[in-house]
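Peer 1: Compact mmCIF, N, CA and C atoms and all ligand atoms, saved as query17.txt, coming up:
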```txt
# COMPACT_ATOMS: atom_id res chain seq x y z
N MET A 1 115.76 2.15 -57.93
CA MET A 1 115.82 0.82 -57.34
C MET A 1 114.44 0.42 -56.81
N SER A 2 114.06 -0.85 -57.00
CA SER A 2 112.75 -1.31 -56.55
C SER A 2 112.64 -1.27 -55.03
N ARG A 3 111.46 -0.93 -54.55
CA ARG A 3 111.20 -0.99 -53.11
C ARG A 3 110.89 -2.43 -52.73
N VAL A 4 111.17 -2.74 -51.48
CA VAL A 4 111.02 -4.12 -51.00
C VAL A 4 109.71 -4.27 -50.23
N ALA A 5 108.91 -5.26 -50.62
CA ALA A 5 107.68 -5.57 -49.90
C ALA A 5 107.80 -6.95 -49.28
N LEU A 6 107.52 -7.04 -48.01
CA LEU A 6 107.55 -8.32 -47.30
C LEU A 6 106.12 -8.73 -46.96
N VAL A 7 105.72 -9.88 -47.49
CA VAL A 7 104.36 -10.40 -47.28
C VAL A 7 104.47 -11.64 -46.40
N THR A 8 104.00 -11.58 -45.17
CA THR A 8 104.05 -12.78 -44.34
C THR A 8 102.97 -13.76 -44.82
N GLY A 9 103.29 -15.03 -44.79
CA GLY A 9 102.33 -16.04 -45.23
C GLY A 9 101.94 -15.88 -46.69
N GLY A 10 102.88 -15.46 -47.50
CA GLY A 10 102.58 -15.16 -48.91
C GLY A 10 102.33 -16.37 -49.77
N MET A 11 102.53 -17.55 -49.21
CA MET A 11 102.30 -18.75 -50.00
C MET A 11 100.88 -19.29 -49.81
N GLY A 12 100.09 -18.61 -48.98
CA GLY A 12 98.69 -19.00 -48.80
C GLY A 12 97.82 -18.35 -49.86
N GLY A 13 96.52 -18.59 -49.77
CA GLY A 13 95.58 -18.12 -50.79
C GLY A 13 95.61 -16.63 -51.04
N LEU A 14 95.32 -15.84 -50.01
CA LEU A 14 95.30 -14.39 -50.19
C LEU A 14 96.71 -13.85 -50.35
N GLY A 15 97.65 -14.42 -49.60
CA GLY A 15 99.03 -13.94 -49.64
C GLY A 15 99.63 -14.04 -51.02
N GLU A 16 99.35 -15.14 -51.71
CA GLU A 16 99.89 -15.30 -53.07
C GLU A 16 99.36 -14.19 -53.98
N ALA A 17 98.07 -13.91 -53.86
CA ALA A 17 97.48 -12.85 -54.69
C ALA A 17 98.11 -11.49 -54.37
N VAL A 18 98.40 -11.26 -53.09
CA VAL A 18 99.04 -9.99 -52.68
C VAL A 18 100.45 -9.91 -53.28
N CYS A 19 101.19 -11.03 -53.21
CA CYS A 19 102.55 -11.06 -53.78
C CYS A 19 102.52 -10.71 -55.27
N ILE A 20 101.58 -11.32 -55.98
CA ILE A 20 101.49 -11.11 -57.43
C ILE A 20 101.16 -9.65 -57.73
N LYS A 21 100.23 -9.09 -56.95
CA LYS A 21 99.84 -7.68 -57.18
C LYS A 21 101.01 -6.74 -56.91
N LEU A 22 101.74 -7.00 -55.81
CA LEU A 22 102.87 -6.13 -55.47
C LEU A 22 103.97 -6.23 -56.53
N ALA A 23 104.18 -7.45 -57.05
CA ALA A 23 105.18 -7.61 -58.11
C ALA A 23 104.76 -6.80 -59.35
N ALA A 24 103.46 -6.85 -59.66
CA ALA A 24 102.95 -6.10 -60.82
C ALA A 24 103.12 -4.59 -60.63
N LEU A 25 103.12 -4.16 -59.35
CA LEU A 25 103.31 -2.74 -59.06
C LEU A 25 104.79 -2.35 -59.01
N GLY A 26 105.67 -3.33 -59.22
CA GLY A 26 107.09 -3.03 -59.31
C GLY A 26 107.90 -3.27 -58.05
N TYR A 27 107.27 -3.86 -57.03
CA TYR A 27 108.01 -4.16 -55.80
C TYR A 27 108.86 -5.41 -55.97
N LYS A 28 109.98 -5.43 -55.24
CA LYS A 28 110.74 -6.65 -55.06
C LYS A 28 110.04 -7.39 -53.92
N VAL A 29 109.48 -8.55 -54.20
CA VAL A 29 108.61 -9.21 -53.22
C VAL A 29 109.33 -10.34 -52.49
N VAL A 30 109.26 -10.23 -51.17
CA VAL A 30 109.81 -11.26 -50.30
C VAL A 30 108.65 -11.81 -49.49
N THR A 31 108.63 -13.13 -49.31
CA THR A 31 107.56 -13.69 -48.49
C THR A 31 108.12 -14.64 -47.45
N THR A 32 107.25 -15.05 -46.54
CA THR A 32 107.69 -15.97 -45.50
C THR A 32 106.79 -17.20 -45.51
N HIS A 33 107.33 -18.26 -44.93
CA HIS A 33 106.54 -19.48 -44.72
C HIS A 33 106.89 -20.01 -43.34
N SER A 34 106.03 -20.85 -42.80
CA SER A 34 106.32 -21.47 -41.52
C SER A 34 107.59 -22.30 -41.65
N PRO A 35 108.40 -22.37 -40.59
CA PRO A 35 109.65 -23.13 -40.68
C PRO A 35 109.45 -24.59 -41.11
N GLY A 36 108.30 -25.18 -40.79
CA GLY A 36 108.07 -26.58 -41.15
C GLY A 36 107.39 -26.79 -42.50
N ASN A 37 107.20 -25.74 -43.26
CA ASN A 37 106.47 -25.86 -44.53
C ASN A 37 107.32 -26.57 -45.58
N THR A 38 106.92 -27.80 -45.92
CA THR A 38 107.71 -28.61 -46.85
C THR A 38 107.40 -28.28 -48.32
N LYS A 39 106.40 -27.42 -48.55
CA LYS A 39 106.04 -27.09 -49.93
C LYS A 39 106.60 -25.74 -50.38
N ALA A 40 107.34 -25.09 -49.49
CA ALA A 40 107.80 -23.73 -49.78
C ALA A 40 108.70 -23.67 -51.02
N ALA A 41 109.64 -24.60 -51.11
CA ALA A 41 110.57 -24.57 -52.25
C ALA A 41 109.82 -24.77 -53.56
N ASP A 42 108.84 -25.68 -53.56
CA ASP A 42 108.06 -25.93 -54.78
C ASP A 42 107.26 -24.69 -55.18
N TRP A 43 106.67 -24.02 -54.18
CA TRP A 43 105.89 -22.80 -54.46
C TRP A 43 106.80 -21.74 -55.10
N LEU A 44 107.97 -21.55 -54.48
CA LEU A 44 108.89 -20.53 -55.00
C LEU A 44 109.31 -20.87 -56.43
N GLN A 45 109.61 -22.15 -56.64
CA GLN A 45 110.03 -22.59 -57.97
C GLN A 45 108.94 -22.31 -59.00
N SER A 46 107.70 -22.68 -58.66
CA SER A 46 106.65 -22.51 -59.66
C SER A 46 106.35 -21.03 -59.91
N MET A 47 106.41 -20.21 -58.86
CA MET A 47 106.19 -18.78 -59.07
C MET A 47 107.33 -18.17 -59.88
N ASN A 48 108.55 -18.58 -59.57
CA ASN A 48 109.69 -17.99 -60.27
C ASN A 48 109.82 -18.51 -61.69
N ASN A 49 109.26 -19.70 -61.95
CA ASN A 49 109.19 -20.18 -63.33
C ASN A 49 108.30 -19.27 -64.17
N MET A 50 107.37 -18.58 -63.49
CA MET A 50 106.48 -17.64 -64.20
C MET A 50 107.10 -16.25 -64.25
N GLY A 51 108.33 -16.12 -63.71
CA GLY A 51 109.07 -14.87 -63.86
C GLY A 51 108.94 -13.87 -62.72
N TYR A 52 108.39 -14.29 -61.58
CA TYR A 52 108.16 -13.32 -60.51
C TYR A 52 109.41 -12.93 -59.71
N GLY A 53 110.36 -13.83 -59.58
CA GLY A 53 111.57 -13.50 -58.82
C GLY A 53 111.33 -13.30 -57.33
N PHE A 54 110.37 -14.04 -56.78
CA PHE A 54 110.11 -13.93 -55.34
C PHE A 54 111.22 -14.60 -54.54
N LYS A 55 111.40 -14.10 -53.32
CA LYS A 55 112.30 -14.78 -52.38
C LYS A 55 111.47 -15.22 -51.18
N GLY A 56 111.84 -16.36 -50.59
CA GLY A 56 111.09 -16.86 -49.45
C GLY A 56 111.99 -17.18 -48.28
N TYR A 57 111.49 -16.87 -47.09
CA TYR A 57 112.28 -17.09 -45.87
C TYR A 57 111.43 -17.79 -44.83
N PRO A 58 112.02 -18.72 -44.08
CA PRO A 58 111.27 -19.33 -42.97
C PRO A 58 111.10 -18.33 -41.85
N CYS A 59 109.93 -18.31 -41.26
CA CYS A 59 109.68 -17.40 -40.14
C CYS A 59 108.42 -17.87 -39.41
N ASP A 60 108.53 -18.03 -38.11
CA ASP A 60 107.33 -18.27 -37.30
C ASP A 60 106.87 -16.91 -36.80
N VAL A 61 105.78 -16.42 -37.39
CA VAL A 61 105.37 -15.04 -37.06
C VAL A 61 104.86 -14.90 -35.62
N SER A 62 104.64 -16.02 -34.95
CA SER A 62 104.21 -15.93 -33.54
C SER A 62 105.40 -15.89 -32.58
N ASP A 63 106.60 -15.89 -33.14
CA ASP A 63 107.81 -15.95 -32.32
C ASP A 63 108.69 -14.73 -32.61
N PHE A 64 108.88 -13.89 -31.60
CA PHE A 64 109.62 -12.64 -31.78
C PHE A 64 111.01 -12.87 -32.36
N ASP A 65 111.74 -13.82 -31.78
CA ASP A 65 113.12 -14.04 -32.21
C ASP A 65 113.18 -14.52 -33.66
N SER A 66 112.19 -15.34 -34.04
CA SER A 66 112.15 -15.83 -35.42
C SER A 66 111.91 -14.66 -36.38
N CYS A 67 111.00 -13.75 -36.01
CA CYS A 67 110.72 -12.58 -36.86
C CYS A 67 111.96 -11.69 -36.97
N LYS A 68 112.62 -11.48 -35.85
CA LYS A 68 113.80 -10.61 -35.84
C LYS A 68 114.89 -11.19 -36.75
N ALA A 69 115.11 -12.50 -36.61
CA ALA A 69 116.14 -13.15 -37.44
C ALA A 69 115.76 -13.07 -38.91
N CYS A 70 114.49 -13.25 -39.21
CA CYS A 70 114.03 -13.22 -40.61
C CYS A 70 114.24 -11.83 -41.22
N VAL A 71 113.83 -10.80 -40.49
CA VAL A 71 113.95 -9.43 -41.02
C VAL A 71 115.43 -9.05 -41.20
N GLU A 72 116.25 -9.49 -40.28
CA GLU A 72 117.68 -9.20 -40.42
C GLU A 72 118.25 -9.88 -41.67
N GLN A 73 117.81 -11.11 -41.92
CA GLN A 73 118.31 -11.83 -43.09
C GLN A 73 117.80 -11.18 -44.38
N VAL A 74 116.54 -10.77 -44.37
CA VAL A 74 115.98 -10.10 -45.56
C VAL A 74 116.74 -8.80 -45.83
N ALA A 75 116.99 -8.04 -44.78
CA ALA A 75 117.70 -6.76 -44.94
C ALA A 75 119.09 -7.00 -45.53
N LYS A 76 119.73 -8.07 -45.07
CA LYS A 76 121.07 -8.40 -45.55
C LYS A 76 121.04 -8.83 -47.02
N ASP A 77 120.08 -9.69 -47.36
CA ASP A 77 120.03 -10.28 -48.71
C ASP A 77 119.40 -9.37 -49.75
N VAL A 78 118.35 -8.67 -49.35
CA VAL A 78 117.53 -7.95 -50.35
C VAL A 78 117.55 -6.44 -50.12
N GLY A 79 117.62 -6.05 -48.84
CA GLY A 79 117.58 -4.62 -48.49
C GLY A 79 116.51 -4.39 -47.44
N PRO A 80 116.47 -3.18 -46.90
CA PRO A 80 115.48 -2.88 -45.87
C PRO A 80 114.04 -3.00 -46.39
N VAL A 81 113.15 -3.40 -45.52
CA VAL A 81 111.75 -3.59 -45.92
C VAL A 81 111.04 -2.24 -45.96
N ASP A 82 110.43 -1.93 -47.10
CA ASP A 82 109.67 -0.68 -47.25
C ASP A 82 108.20 -0.87 -46.92
N VAL A 83 107.67 -2.04 -47.29
CA VAL A 83 106.24 -2.30 -47.09
C VAL A 83 106.08 -3.66 -46.42
N LEU A 84 105.32 -3.71 -45.33
CA LEU A 84 105.03 -4.98 -44.66
C LEU A 84 103.54 -5.29 -44.79
N VAL A 85 103.23 -6.46 -45.35
CA VAL A 85 101.84 -6.92 -45.36
C VAL A 85 101.75 -8.06 -44.34
N ASN A 86 101.10 -7.75 -43.24
CA ASN A 86 101.03 -8.69 -42.11
C ASN A 86 99.86 -9.65 -42.35
N ASN A 87 100.07 -10.57 -43.29
CA ASN A 87 98.98 -11.42 -43.78
C ASN A 87 98.88 -12.77 -43.08
N ALA A 88 99.99 -13.30 -42.60
CA ALA A 88 99.98 -14.65 -42.01
C ALA A 88 98.96 -14.74 -40.89
N GLY A 89 98.25 -15.83 -40.87
CA GLY A 89 97.27 -16.00 -39.80
C GLY A 89 96.69 -17.39 -39.81
N ILE A 90 96.09 -17.75 -38.72
CA ILE A 90 95.40 -19.04 -38.63
C ILE A 90 94.00 -18.80 -38.08
N THR A 91 93.14 -19.76 -38.28
CA THR A 91 91.81 -19.68 -37.67
C THR A 91 91.56 -20.94 -36.84
N ARG A 92 90.79 -20.79 -35.84
CA ARG A 92 90.28 -21.92 -35.05
C ARG A 92 88.79 -21.65 -34.89
N ASP A 93 88.10 -21.66 -36.06
CA ASP A 93 86.71 -21.20 -36.08
C ASP A 93 85.78 -22.12 -35.28
N MET A 94 85.13 -21.53 -34.33
CA MET A 94 84.13 -22.22 -33.50
C MET A 94 83.48 -21.16 -32.62
N THR A 95 82.41 -21.54 -31.94
CA THR A 95 81.82 -20.56 -31.04
C THR A 95 82.79 -20.29 -29.89
N PHE A 96 82.71 -19.09 -29.36
CA PHE A 96 83.67 -18.68 -28.34
C PHE A 96 83.67 -19.63 -27.14
N LYS A 97 82.47 -20.10 -26.76
CA LYS A 97 82.42 -20.94 -25.56
C LYS A 97 83.09 -22.30 -25.77
N LYS A 98 83.26 -22.69 -27.03
CA LYS A 98 83.95 -23.97 -27.31
C LYS A 98 85.46 -23.78 -27.49
N MET A 99 85.89 -22.52 -27.56
CA MET A 99 87.30 -22.26 -27.86
C MET A 99 88.14 -22.44 -26.59
N THR A 100 89.22 -23.21 -26.74
CA THR A 100 90.09 -23.41 -25.58
C THR A 100 91.06 -22.23 -25.47
N LYS A 101 91.70 -22.14 -24.33
CA LYS A 101 92.72 -21.09 -24.14
C LYS A 101 93.87 -21.28 -25.14
N ALA A 102 94.22 -22.55 -25.41
CA ALA A 102 95.31 -22.83 -26.35
C ALA A 102 94.94 -22.36 -27.76
N ASP A 103 93.66 -22.58 -28.17
CA ASP A 103 93.20 -22.09 -29.49
C ASP A 103 93.30 -20.57 -29.54
N TRP A 104 92.79 -19.94 -28.50
CA TRP A 104 92.81 -18.47 -28.43
C TRP A 104 94.25 -17.94 -28.55
N ASP A 105 95.14 -18.51 -27.75
CA ASP A 105 96.53 -18.05 -27.74
C ASP A 105 97.19 -18.26 -29.11
N ALA A 106 96.88 -19.39 -29.76
CA ALA A 106 97.49 -19.67 -31.06
C ALA A 106 97.05 -18.63 -32.10
N VAL A 107 95.76 -18.32 -32.12
CA VAL A 107 95.25 -17.35 -33.09
C VAL A 107 95.82 -15.96 -32.82
N ILE A 108 95.76 -15.54 -31.56
CA ILE A 108 96.21 -14.19 -31.22
C ILE A 108 97.72 -14.04 -31.44
N SER A 109 98.49 -15.03 -31.04
CA SER A 109 99.94 -14.87 -31.19
C SER A 109 100.34 -14.88 -32.66
N THR A 110 99.65 -15.65 -33.49
CA THR A 110 99.98 -15.68 -34.91
C THR A 110 99.55 -14.39 -35.60
N LYS A 111 98.38 -13.92 -35.26
CA LYS A 111 97.85 -12.73 -35.96
C LYS A 111 98.46 -11.43 -35.44
N LEU A 112 98.75 -11.38 -34.14
CA LEU A 112 99.13 -10.09 -33.56
C LEU A 112 100.55 -9.99 -33.04
N ASP A 113 101.03 -11.03 -32.39
CA ASP A 113 102.34 -10.87 -31.74
C ASP A 113 103.43 -10.51 -32.72
N1 LIG A 201 90.24 -16.23 -46.58
C1 LIG A 201 89.34 -15.46 -45.93
O1 LIG A 201 88.15 -15.43 -46.24
C2 LIG A 201 89.80 -14.54 -44.81
C3 LIG A 201 88.87 -13.70 -44.20
C4 LIG A 201 89.30 -12.84 -43.20
C5 LIG A 201 90.63 -12.82 -42.82
N2 LIG A 201 91.49 -13.66 -43.42
C6 LIG A 201 92.89 -13.61 -42.99
O2 LIG A 201 93.71 -13.28 -44.11
C7 LIG A 201 94.96 -13.96 -43.98
C8 LIG A 201 95.18 -14.85 -45.19
O3 LIG A 201 94.09 -15.75 -45.33
P1 LIG A 201 94.17 -17.01 -46.31
O4 LIG A 201 92.77 -17.45 -46.51
O5 LIG A 201 95.02 -16.69 -47.48
O6 LIG A 201 94.90 -18.07 -45.35
P2 LIG A 201 95.84 -19.29 -45.69
O7 LIG A 201 95.69 -19.72 -47.11
O8 LIG A 201 95.64 -20.29 -44.60
O9 LIG A 201 97.28 -18.65 -45.54
C9 LIG A 201 97.73 -18.24 -44.29
C10 LIG A 201 99.23 -18.15 -44.35
O10 LIG A 201 99.70 -17.86 -43.02
C11 LIG A 201 100.90 -18.58 -42.84
N3 LIG A 201 101.10 -18.85 -41.42
C12 LIG A 201 100.22 -19.35 -40.53
N4 LIG A 201 100.79 -19.46 -39.32
C13 LIG A 201 102.07 -19.01 -39.46
C14 LIG A 201 103.16 -18.86 -38.56
N5 LIG A 201 103.07 -19.19 -37.24
N6 LIG A 201 104.32 -18.36 -39.03
C15 LIG A 201 104.43 -18.03 -40.34
N7 LIG A 201 103.43 -18.14 -41.25
C16 LIG A 201 102.27 -18.62 -40.79
C17 LIG A 201 100.74 -19.86 -43.61
O11 LIG A 201 102.02 -20.27 -43.99
P3 LIG A 201 102.45 -21.80 -43.93
O12 LIG A 201 101.51 -22.52 -44.87
O13 LIG A 201 103.86 -21.80 -44.37
O14 LIG A 201 102.24 -22.22 -42.49
C18 LIG A 201 99.90 -19.43 -44.80
O15 LIG A 201 100.71 -19.14 -45.93
C19 LIG A 201 94.89 -14.76 -42.69
O16 LIG A 201 95.46 -13.98 -41.65
C20 LIG A 201 93.41 -14.95 -42.49
O17 LIG A 201 93.07 -15.18 -41.13
C21 LIG A 201 91.12 -14.52 -44.40
```
Could the structure of this file be written out as structure tokens, please?

Peer 2:
Amino acid sequence: MSRVALVTGGMGGLGEAVCIKLAALGYKVVTTHSPGNTKAADWLQSMNNMGYGFKGYPCDVSDFDSCKACVEQVAKDVGPVDVLVNNAGITRDMTFKKMTKADWDAVISTKLD
């Protein structure tokens, strides 16, 4: 049976490449998108038209409860996650002295929490 790989933010630039590589290695690939992402269904459709068989789930990676609900749903639908690629992230690129506390919190909570 194929092992399950979960790639957060897999519909972004690097994430998509990671999803494709993991599929080529034989993983069943599941990815996440932000709950408000209106292009997620189109991305899944176009990838699956190419035969990848990806599954996508809404998840705000900066929110514990959202992550917990997502992982529970993935486990129910696809099986337990064997590999996690913690790829989702945002940038607020600027010099540190120009960065607000809100920018800092947004980057850290998305990348780490
Ligand atoms: N590209 C680079 O040169 C570079 C260099 C160093 C590190 N990185 C890091 O590598 C990762 C991927 O980079 P990328 O260039 O591929 O970025 P990207 O195209 O902007 O993709 C980032 C992904 O993260 C998802 N995401 C952001 N906030 C989220 C949230 N709160 N909940 C769920 N998903 C969220 C986005 O999903 P939605 O679109 O659905 O929101 C998007 O698919 C990022 O963590 C980035 O910081 C990139």

Peer 1: Using only N, CA and C atoms and all ligand atoms, pick whichever of A:Val30, A:Val74, A:Met47, A:Val61 has the shortest atom-to-atom distance to ligand LIG 201 (chain A).

Peer 2: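 Using only N, CA and C atoms and all ligand atoms, the shortest distance to ligand LIG 201 (chain A) belongs to A:Val61.
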
Peer 1: Residues near stretch 95-110 of chain A, anyone? I mean within 7 Å using only N, CA and C atoms, not counting same-chain ones fewer than 6 positions away, as a list in words.

Peer 2: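 Neighbouring residues, sequence-local ones excluded: Val61, Ser62, Asp63, Ala88 and Gly89 of chain A.
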
Peer 1: Could you write out the selected residues, including N, CA and C atoms, as a JSON list (two decimals), in the frame of the given file?

Peer 2:
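In the end it all went to selection10.json:
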```
[["chain", "number", "residue", "atom", "x", "y", "z"],
["A", 61, "VAL", "N", 105.78, -16.42, -37.39],
["A", 61, "VAL", "CA", 105.37, -15.04, -37.06],
["A", 61, "VAL", "C", 104.86, -14.90, -35.62],
["A", 62, "SER", "N", 104.64, -16.02, -34.95],
["A", 62, "SER", "CA", 104.21, -15.93, -33.54],
["A", 62, "SER", "C", 105.40, -15.89, -32.58],
["A", 63, "ASP", "N", 106.60, -15.89, -33.14],
["A", 63, "ASP", "CA", 107.81, -15.95, -32.32],
["A", 63, "ASP", "C", 108.69, -14.73, -32.61],
["A", 88, "ALA", "N", 99.99, -13.30, -42.60],
["A", 88, "ALA", "CA", 99.98, -14.65, -42.01],
["A", 88, "ALA", "C", 98.96, -14.74, -40.89],
["A", 89, "GLY", "N", 98.25, -15.83, -40.87],
["A", 89, "GLY", "CA", 97.27, -16.00, -39.80],
["A", 89, "GLY", "C", 96.69, -17.39, -39.81]]
```

Peer 1: In Å, rounded to a single decimal, give me how far atom O16 of ligand LIG 201 (chain A) is from atom CA of A:Glu72.

Peer 2: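 Rounded to one decimal, the two atoms are 22.8 Å apart.
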
Peer 1: Quick one: residues within 6 Å of stretch 14-27 of chain A, only N, CA and C atoms, excluding same-chain residues fewer than 5 positions away - as a list in words?

Peer 2: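 The residues satisfying every condition are Ser2, Arg3, Val4, Ala5 and Gly9 of chain A.
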
Peer 1: Name the residues of chain A that fall into alpha helix (DSSP H) according to DSSP on the backbone, using the chain letters and numbers of this document, as a compact mmCIF listing (two decimals) with N, CA and C atoms, keeping the file's coordinate frame.

Peer 2:
```txt
# COMPACT_ATOMS: atom_id res chain seq x y z
N GLY A 13 96.52 -18.59 -49.77
CA GLY A 13 95.58 -18.12 -50.79
C GLY A 13 95.61 -16.63 -51.04
N LEU A 14 95.32 -15.84 -50.01
CA LEU A 14 95.30 -14.39 -50.19
C LEU A 14 96.71 -13.85 -50.35
N GLY A 15 97.65 -14.42 -49.60
CA GLY A 15 99.03 -13.94 -49.64
C GLY A 15 99.63 -14.04 -51.02
N GLU A 16 99.35 -15.14 -51.71
CA GLU A 16 99.89 -15.30 -53.07
C GLU A 16 99.36 -14.19 -53.98
N ALA A 17 98.07 -13.91 -53.86
CA ALA A 17 97.48 -12.85 -54.69
C ALA A 17 98.11 -11.49 -54.37
N VAL A 18 98.40 -11.26 -53.09
CA VAL A 18 99.04 -9.99 -52.68
C VAL A 18 100.45 -9.91 -53.28
N CYS A 19 101.19 -11.03 -53.21
CA CYS A 19 102.55 -11.06 -53.78
C CYS A 19 102.52 -10.71 -55.27
N ILE A 20 101.58 -11.32 -55.98
CA ILE A 20 101.49 -11.11 -57.43
C ILE A 20 101.16 -9.65 -57.73
N LYS A 21 100.23 -9.09 -56.95
CA LYS A 21 99.84 -7.68 -57.18
C LYS A 21 101.01 -6.74 -56.91
N LEU A 22 101.74 -7.00 -55.81
CA LEU A 22 102.87 -6.13 -55.47
C LEU A 22 103.97 -6.23 -56.53
N ALA A 23 104.18 -7.45 -57.05
CA ALA A 23 105.18 -7.61 -58.11
C ALA A 23 104.76 -6.80 -59.35
N ALA A 24 103.46 -6.85 -59.66
CA ALA A 24 102.95 -6.10 -60.82
C ALA A 24 103.12 -4.59 -60.63
N ALA A 40 107.34 -25.09 -49.49
CA ALA A 40 107.80 -23.73 -49.78
C ALA A 40 108.70 -23.67 -51.02
N ALA A 41 109.64 -24.60 -51.11
CA ALA A 41 110.57 -24.57 -52.25
C ALA A 41 109.82 -24.77 -53.56
N ASP A 42 108.84 -25.68 -53.56
CA ASP A 42 108.06 -25.93 -54.78
C ASP A 42 107.26 -24.69 -55.18
N TRP A 43 106.67 -24.02 -54.18
CA TRP A 43 105.89 -22.80 -54.46
C TRP A 43 106.80 -21.74 -55.10
N LEU A 44 107.97 -21.55 -54.48
CA LEU A 44 108.89 -20.53 -55.00
C LEU A 44 109.31 -20.87 -56.43
N GLN A 45 109.61 -22.15 -56.64
CA GLN A 45 110.03 -22.59 -57.97
C GLN A 45 108.94 -22.31 -59.00
N SER A 46 107.70 -22.68 -58.66
CA SER A 46 106.65 -22.51 -59.66
C SER A 46 106.35 -21.03 -59.91
N MET A 47 106.41 -20.21 -58.86
CA MET A 47 106.19 -18.78 -59.07
C MET A 47 107.33 -18.17 -59.88
N ASN A 48 108.55 -18.58 -59.57
CA ASN A 48 109.69 -17.99 -60.27
C ASN A 48 109.82 -18.51 -61.69
N ASN A 49 109.26 -19.70 -61.95
CA ASN A 49 109.19 -20.18 -63.33
C ASN A 49 108.30 -19.27 -64.17
N PHE A 64 108.88 -13.89 -31.60
CA PHE A 64 109.62 -12.64 -31.78
C PHE A 64 111.01 -12.87 -32.36
N ASP A 65 111.74 -13.82 -31.78
CA ASP A 65 113.12 -14.04 -32.21
C ASP A 65 113.18 -14.52 -33.66
N SER A 66 112.19 -15.34 -34.04
CA SER A 66 112.15 -15.83 -35.42
C SER A 66 111.91 -14.66 -36.38
N CYS A 67 111.00 -13.75 -36.01
CA CYS A 67 110.72 -12.58 -36.86
C CYS A 67 111.96 -11.69 -36.97
N LYS A 68 112.62 -11.48 -35.85
CA LYS A 68 113.80 -10.61 -35.84
C LYS A 68 114.89 -11.19 -36.75
N ALA A 69 115.11 -12.50 -36.61
CA ALA A 69 116.14 -13.15 -37.44
C ALA A 69 115.76 -13.07 -38.91
N CYS A 70 114.49 -13.25 -39.21
CA CYS A 70 114.03 -13.22 -40.61
C CYS A 70 114.24 -11.83 -41.22
N VAL A 71 113.83 -10.80 -40.49
CA VAL A 71 113.95 -9.43 -41.02
C VAL A 71 115.43 -9.05 -41.20
N GLU A 72 116.25 -9.49 -40.28
CA GLU A 72 117.68 -9.20 -40.42
C GLU A 72 118.25 -9.88 -41.67
N GLN A 73 117.81 -11.11 -41.92
CA GLN A 73 118.31 -11.83 -43.09
C GLN A 73 117.80 -11.18 -44.38
N VAL A 74 116.54 -10.77 -44.37
CA VAL A 74 115.98 -10.10 -45.56
C VAL A 74 116.74 -8.80 -45.83
N ALA A 75 116.99 -8.04 -44.78
CA ALA A 75 117.70 -6.76 -44.94
C ALA A 75 119.09 -7.00 -45.53
N LYS A 76 119.73 -8.07 -45.07
CA LYS A 76 121.07 -8.40 -45.55
C LYS A 76 121.04 -8.83 -47.02
N ASP A 77 120.08 -9.69 -47.36
CA ASP A 77 120.03 -10.28 -48.71
C ASP A 77 119.40 -9.37 -49.75
N LYS A 101 91.70 -22.14 -24.33
CA LYS A 101 92.72 -21.09 -24.14
C LYS A 101 93.87 -21.28 -25.14
N ALA A 102 94.22 -22.55 -25.41
CA ALA A 102 95.31 -22.83 -26.35
C ALA A 102 94.94 -22.36 -27.76
N ASP A 103 93.66 -22.58 -28.17
CA ASP A 103 93.20 -22.09 -29.49
C ASP A 103 93.30 -20.57 -29.54
N TRP A 104 92.79 -19.94 -28.50
CA TRP A 104 92.81 -18.47 -28.43
C TRP A 104 94.25 -17.94 -28.55
N ASP A 105 95.14 -18.51 -27.75
CA ASP A 105 96.53 -18.05 -27.74
C ASP A 105 97.19 -18.26 -29.11
N ALA A 106 96.88 -19.39 -29.76
CA ALA A 106 97.49 -19.67 -31.06
C ALA A 106 97.05 -18.63 -32.10
N VAL A 107 95.76 -18.32 -32.12
CA VAL A 107 95.25 -17.35 -33.09
C VAL A 107 95.82 -15.96 -32.82
N ILE A 108 95.76 -15.54 -31.56
CA ILE A 108 96.21 -14.19 -31.22
C ILE A 108 97.72 -14.04 -31.44
N SER A 109 98.49 -15.03 -31.04
CA SER A 109 99.94 -14.87 -31.19
C SER A 109 100.34 -14.88 -32.66
N THR A 110 99.65 -15.65 -33.49
CA THR A 110 99.98 -15.68 -34.91
C THR A 110 99.55 -14.39 -35.60
N LYS A 111 98.38 -13.92 -35.26
CA LYS A 111 97.85 -12.73 -35.96
C LYS A 111 98.46 -11.43 -35.44
```
